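This report refers to the structure that appears directly beneath it.
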Amino acid sequence: MPELPEVETTRCGIEQTAVGYPLVDMPVRERRLRWPIPQALPDCIIGHTLSACERRGKYLLMRFDPVGTVIVHLGMSGSIRSCDPHTMWQTHDHLQWVFEGGRCLRYHDPRRFGAVLWHPATAGPVLAHPRLATLGVEPLGDAFTVDHLLAGVKGKSLSIKQALLAGHIVVGVGNIYASESLYRAKIHPELAAGHLSRAQAKRLVPAIVETLGDALSSGGSTLRDYVNATGEPGAYFTLYASVYDKQGEPCKRCGTGIKRIVQGQRATYFCPRCQRLKRTKTA
DNA sequence: CTTTAACCCTGGAGGC
DNA sequence: TGCCTCCAGGGTTAAA
């Protein structure tokens, strides 16, 4: 399940592997992803140079100036790896981009929740694409402030955990990091988002920044060559998880058993003692 | 508008 | 060993 660190690491790998090289071929073996890969996509970009690879939330933006941008999402099981273009196709390898000089990126996605979309330059700025236009601010950017968070949750009755997960306020906080960030900020996941106090927001913003930043730096070292790696991606989150998937295990701070609940059909983990819904009198 | 729930798909885990 | 069921998960969309 690629979270922000894996997506960012993938972006770096694509940048190092293929930016500046013309695309010479793009075989597609399986078009049925989250949405079908457009039939015409290869013809739109073959012969053009990958000019940049950017990221917006968990979306990768492969710029083929001046014709347009390929929008890639890794879903929850997708990965992009560098390989020799003649390497045997493996199960769930769905397409590859072959660049001049034998450089090649292959898209692999067992569950096919990912997407490979095409946004022609004639359709306007890629950030105006329907998938991108409603995204919240970048968590590691200047726009993610306490005031922005408070404005985003104002009047909302859904839980703070679900508000974070929705991605309309801030992007990149997946199911794992939502639990981890709230634990770090000592906020109960079921708190109504609109009831978030300024004091809580002042803890939550840095908690999110630190949680993602830590994961990014550790992911950066663990997955430095993610795109070139041969091993399976993944397990490094759990290395650093304090509560996620830790039901029944003692809280690192107070020893209380970590609790698991379900919110919006998603698992949430928290410490029932450190993360109180209401302030209780301590005798 | 806001909120909820179903859905897409497969690998892995657990039961028998 | 193998078969069956169940579940997780991000993000979109339909429905309430």
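Here, A, B, ... name the chains of the structure tokens in the order displayed, residue numbers run from 1 inside each chain, and ligands are numbered from 1 in the same displayed order.
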Chain B contacts to chain A at 9 Å (only C-alpha atoms (C1' of nucleotides)) as a list in words:
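Within 9 Å of chain A on chain B, we get DT2, DT3, DT4, DA5, DC8, DC9, DT10 and DG11 of chain B.
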Write a file of the just-selected residues containing C-alpha atoms (C1' of nucleotides), as a CSV table (one decimal), in the first residue's frame.
chain,number,residue,atom,x,y,z
B,2,DT,C1',-22.9,16.6,3.8
B,3,DT,C1',-22.3,12.0,5.1
B,4,DT,C1',-22.6,7.0,4.4
B,5,DA,C1',-21.9,2.8,2.1
B,8,DC,C1',-13.3,-2.2,-7.7
B,9,DC,C1',-9.5,-6.6,-7.1
B,10,DT,C1',-6.3,-10.1,-5.4
B,11,DG,C1',-3.2,-12.2,-2.0
Give me, as an mmCIF file with C-alpha atoms, in the first residue's frame, all polymer residues having an atom no more than 9 Å from Glu190 in chain A, counting only C-alpha atoms (C1' of nucleotides) and skipping those fewer than 4 positions away in the same chain.
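Written output follows (part-v8.cif):
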data_model
loop_
_atom_site.group_PDB
_atom_site.id
_atom_site.type_symbol
_atom_site.label_atom_id
_atom_site.label_comp_id
_atom_site.auth_asym_id
_atom_site.auth_seq_id
_atom_site.Cartn_x
_atom_site.Cartn_y
_atom_site.Cartn_z
ATOM 1 C CA LEU A 158 -17.464 13.660 10.781
ATOM 2 C CA SER A 159 -14.596 12.333 12.885
ATOM 3 C CA ILE A 160 -11.193 13.938 12.754
ATOM 4 C CA LYS A 161 -9.722 10.656 11.560
ATOM 5 C CA GLN A 162 -12.053 10.473 8.590
ATOM 6 C CA GLN A 263 -14.484 4.137 11.196
ATOM 7 C CA LEU A 277 -12.390 12.074 23.925
#
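Every chain C residue lying within 9 Å of chain A, based on only C-alpha atoms (C1' of nucleotides), is listed here: DA8, DG9, DG10 and DG11 of chain C.
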Per-residue DSSP, range 89-229 of chain A, filtered to strand (DSSP E or B), as a list in words:
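DSSP-assigned strand (DSSP E or B) residues in range 89-229 of chain A: Asp93, His94, Leu95, Gln96, Trp97, Val98, Phe99, Cys104, Leu105, Arg106, Tyr107, His108, Ala115, Val116, Leu117, Trp118, His119, Pro120, Val137, Ser159, Val170 and Ala192 of chain A.
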Expected file contents, prior selection, N, CA and C atoms, as a CSV table (one decimal), in the first residue's frame:
chain,number,residue,atom,x,y,z
A,93,ASP,N,2.2,-7.5,-14.2
A,93,ASP,CA,2.9,-6.4,-14.9
A,93,ASP,C,2.0,-5.9,-16.0
A,94,HIS,N,1.6,-4.7,-16.0
A,94,HIS,CA,0.5,-4.3,-16.9
A,94,HIS,C,1.0,-3.4,-18.1
A,95,LEU,N,2.0,-2.7,-17.9
A,95,LEU,CA,2.5,-1.9,-19.0
A,95,LEU,C,4.0,-1.5,-18.8
A,96,GLN,N,4.6,-1.0,-19.8
A,96,GLN,CA,5.9,-0.4,-19.5
A,96,GLN,C,6.2,0.8,-20.5
A,97,TRP,N,7.0,1.7,-20.0
A,97,TRP,CA,7.4,2.8,-20.8
A,97,TRP,C,8.9,2.6,-21.2
A,98,VAL,N,9.1,2.5,-22.5
A,98,VAL,CA,10.5,2.2,-22.9
A,98,VAL,C,11.1,3.5,-23.5
A,99,PHE,N,12.2,3.9,-22.9
A,99,PHE,CA,12.9,5.2,-23.3
A,99,PHE,C,14.1,4.9,-24.1
A,104,CYS,N,13.9,1.8,-19.1
A,104,CYS,CA,12.5,1.3,-19.1
A,104,CYS,C,11.9,1.3,-17.7
A,105,LEU,N,10.6,1.7,-17.6
A,105,LEU,CA,9.9,1.7,-16.4
A,105,LEU,C,8.7,0.8,-16.6
A,106,ARG,N,8.5,-0.2,-15.6
A,106,ARG,CA,7.4,-1.1,-15.7
A,106,ARG,C,6.4,-1.0,-14.6
A,107,TYR,N,5.1,-0.9,-15.0
A,107,TYR,CA,4.1,-0.7,-14.0
A,107,TYR,C,3.5,-2.1,-13.6
A,108,HIS,N,3.5,-2.3,-12.3
A,108,HIS,CA,3.0,-3.6,-11.7
A,108,HIS,C,2.0,-3.3,-10.7
A,115,ALA,N,-4.1,3.7,-11.4
A,115,ALA,CA,-4.7,4.3,-12.6
A,115,ALA,C,-3.5,4.9,-13.5
A,116,VAL,N,-3.7,4.9,-14.8
A,116,VAL,CA,-2.8,5.6,-15.7
A,116,VAL,C,-3.7,6.4,-16.6
A,117,LEU,N,-3.7,7.7,-16.4
A,117,LEU,CA,-4.6,8.5,-17.2
A,117,LEU,C,-3.8,9.5,-18.1
A,118,TRP,N,-4.5,10.1,-19.0
A,118,TRP,CA,-3.9,11.0,-20.0
A,118,TRP,C,-4.6,12.3,-19.9
A,119,HIS,N,-3.8,13.4,-19.7
A,119,HIS,CA,-4.3,14.7,-19.7
A,119,HIS,C,-3.6,15.6,-20.8
A,120,PRO,N,-4.2,15.7,-22.0
A,120,PRO,CA,-3.6,16.5,-23.0
A,120,PRO,C,-3.4,17.9,-22.6
A,137,VAL,N,-4.1,20.5,0.6
A,137,VAL,CA,-2.7,21.0,0.5
A,137,VAL,C,-1.7,19.9,0.8
A,159,SER,N,-15.7,12.5,11.9
A,159,SER,CA,-14.6,12.3,12.9
A,159,SER,C,-13.3,12.9,12.3
A,170,VAL,N,-5.9,18.1,3.8
A,170,VAL,CA,-4.4,17.8,3.5
A,170,VAL,C,-4.3,16.5,2.9
A,192,ALA,N,-15.2,14.7,16.9
A,192,ALA,CA,-15.8,15.4,15.8
A,192,ALA,C,-14.8,16.5,15.2
Figure out the distance between CA of Ala201 in chain A and CA of Glu249 in chain A, please, to one decimal in Å.
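Distance reported for this atom pair: 27.2 Å.
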Please measure the separation of C1' of DT13 in chain C and CA of Pro139 in chain A, giving the value in Å to one decimal.
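Separation between C1' of DT13 in chain C and CA of Pro139 in chain A: 26.1 Å.
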Which distance in Å separates CA of Gly20 in chain A and CA of Pro36 in chain A, to one decimal?
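That distance, rounded to one decimal, is 27.3 Å.
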Going by DSSP on the backbone, which bits of range 45-275 of chain A are helix (DSSP H, G or I)? Write them as a PyMOL selection string, please.
chain A and resi 45+100-102+121-123+126-128+130-133+146-153+160-166+175-185+193-195+198-222+226-228+236-240
Same residues, C-alpha atoms, output as a PDB file, in the first residue's frame:
ATOM      1  CA  ILE A  45       3.389  10.351 -26.200  1.00  0.00           C
ATOM      2  CA  GLU A 100      15.779   5.785 -25.606  1.00  0.00           C
ATOM      3  CA  GLY A 101      18.920   3.972 -24.539  1.00  0.00           C
ATOM      4  CA  GLY A 102      17.048   0.926 -23.226  1.00  0.00           C
ATOM      5  CA  ALA A 121      -2.144  19.965 -22.800  1.00  0.00           C
ATOM      6  CA  THR A 122      -5.137  21.173 -24.803  1.00  0.00           C
ATOM      7  CA  ALA A 123      -7.326  20.370 -21.783  1.00  0.00           C
ATOM      8  CA  VAL A 126      -3.081  19.320 -15.295  1.00  0.00           C
ATOM      9  CA  LEU A 127      -3.796  20.510 -11.753  1.00  0.00           C
ATOM     10  CA  ALA A 128      -7.294  21.396 -12.953  1.00  0.00           C
ATOM     11  CA  PRO A 130     -10.994  16.483 -11.831  1.00  0.00           C
ATOM     12  CA  ARG A 131      -8.886  13.993  -9.881  1.00  0.00           C
ATOM     13  CA  LEU A 132      -6.456  16.685  -8.740  1.00  0.00           C
ATOM     14  CA  ALA A 133      -8.577  19.805  -8.412  1.00  0.00           C
ATOM     15  CA  VAL A 146      -2.874  25.388  12.007  1.00  0.00           C
ATOM     16  CA  ASP A 147      -5.235  27.980  10.558  1.00  0.00           C
ATOM     17  CA  HIS A 148      -5.681  25.975   7.362  1.00  0.00           C
ATOM     18  CA  LEU A 149      -6.511  22.858   9.357  1.00  0.00           C
ATOM     19  CA  LEU A 150      -8.980  24.705  11.586  1.00  0.00           C
ATOM     20  CA  ALA A 151     -10.655  26.300   8.576  1.00  0.00           C
ATOM     21  CA  GLY A 152     -10.887  22.879   6.938  1.00  0.00           C
ATOM     22  CA  VAL A 153     -12.598  21.159   9.848  1.00  0.00           C
ATOM     23  CA  ILE A 160     -11.193  13.938  12.754  1.00  0.00           C
ATOM     24  CA  LYS A 161      -9.722  10.656  11.560  1.00  0.00           C
ATOM     25  CA  GLN A 162     -12.053  10.473   8.590  1.00  0.00           C
ATOM     26  CA  ALA A 163     -11.550  14.154   7.856  1.00  0.00           C
ATOM     27  CA  LEU A 164      -7.802  13.588   7.588  1.00  0.00           C
ATOM     28  CA  LEU A 165      -8.271  10.486   5.469  1.00  0.00           C
ATOM     29  CA  ALA A 166     -10.609  12.228   3.032  1.00  0.00           C
ATOM     30  CA  ASN A 175      -4.950   5.022   6.960  1.00  0.00           C
ATOM     31  CA  ILE A 176      -1.707   4.160   8.712  1.00  0.00           C
ATOM     32  CA  TYR A 177      -0.494   7.708   9.163  1.00  0.00           C
ATOM     33  CA  ALA A 178      -3.904   8.993  10.269  1.00  0.00           C
ATOM     34  CA  SER A 179      -3.773   6.676  13.283  1.00  0.00           C
ATOM     35  CA  GLU A 180      -0.107   7.407  13.898  1.00  0.00           C
ATOM     36  CA  SER A 181      -0.506  11.181  13.694  1.00  0.00           C
ATOM     37  CA  LEU A 182      -3.493  11.266  16.031  1.00  0.00           C
ATOM     38  CA  TYR A 183      -1.618   9.082  18.482  1.00  0.00           C
ATOM     39  CA  ARG A 184       1.354  11.406  18.353  1.00  0.00           C
ATOM     40  CA  ALA A 185      -0.923  14.417  18.889  1.00  0.00           C
ATOM     41  CA  ALA A 193     -13.576  17.307  13.349  1.00  0.00           C
ATOM     42  CA  GLY A 194     -15.386  20.581  13.955  1.00  0.00           C
ATOM     43  CA  HIS A 195     -14.698  20.305  17.669  1.00  0.00           C
ATOM     44  CA  ARG A 198      -6.806  25.315  18.482  1.00  0.00           C
ATOM     45  CA  ALA A 199      -4.586  23.672  21.072  1.00  0.00           C
ATOM     46  CA  GLN A 200      -5.242  20.286  19.496  1.00  0.00           C
ATOM     47  CA  ALA A 201      -4.641  21.636  16.019  1.00  0.00           C
ATOM     48  CA  LYS A 202      -1.343  23.050  17.217  1.00  0.00           C
ATOM     49  CA  ARG A 203      -0.343  19.516  18.158  1.00  0.00           C
ATOM     50  CA  LEU A 204      -1.852  17.800  15.154  1.00  0.00           C
ATOM     51  CA  VAL A 205      -0.164  19.817  12.420  1.00  0.00           C
ATOM     52  CA  PRO A 206       3.378  19.110  13.611  1.00  0.00           C
ATOM     53  CA  ALA A 207       2.350  15.530  14.426  1.00  0.00           C
ATOM     54  CA  ILE A 208       1.366  14.987  10.792  1.00  0.00           C
ATOM     55  CA  VAL A 209       4.424  16.776   9.482  1.00  0.00           C
ATOM     56  CA  GLU A 210       6.718  14.749  11.715  1.00  0.00           C
ATOM     57  CA  THR A 211       4.989  11.442  11.053  1.00  0.00           C
ATOM     58  CA  LEU A 212       5.193  11.898   7.310  1.00  0.00           C
ATOM     59  CA  GLY A 213       8.609  13.496   7.469  1.00  0.00           C
ATOM     60  CA  ASP A 214      10.021  10.644   9.531  1.00  0.00           C
ATOM     61  CA  ALA A 215       8.495   8.095   7.190  1.00  0.00           C
ATOM     62  CA  LEU A 216       9.840   9.971   4.218  1.00  0.00           C
ATOM     63  CA  SER A 217      13.369  10.147   5.536  1.00  0.00           C
ATOM     64  CA  SER A 218      13.394   6.556   6.734  1.00  0.00           C
ATOM     65  CA  GLY A 219      11.666   5.510   3.554  1.00  0.00           C
ATOM     66  CA  GLY A 220      14.151   7.561   1.658  1.00  0.00           C
ATOM     67  CA  SER A 221      16.986   5.586   3.131  1.00  0.00           C
ATOM     68  CA  THR A 222      15.234   2.238   3.041  1.00  0.00           C
ATOM     69  CA  TYR A 226      12.938   1.830  -4.790  1.00  0.00           C
ATOM     70  CA  VAL A 227      12.439   2.038  -8.516  1.00  0.00           C
ATOM     71  CA  ASN A 228      15.568   0.007  -9.086  1.00  0.00           C
ATOM     72  CA  TYR A 236       8.972  -0.505   6.495  1.00  0.00           C
ATOM     73  CA  PHE A 237       5.938   1.397   7.784  1.00  0.00           C
ATOM     74  CA  THR A 238       5.146  -1.173  10.391  1.00  0.00           C
ATOM     75  CA  LEU A 239       8.700  -0.856  11.629  1.00  0.00           C
ATOM     76  CA  TYR A 240       7.888   2.629  12.765  1.00  0.00           C
TER      77      TYR A 240
END
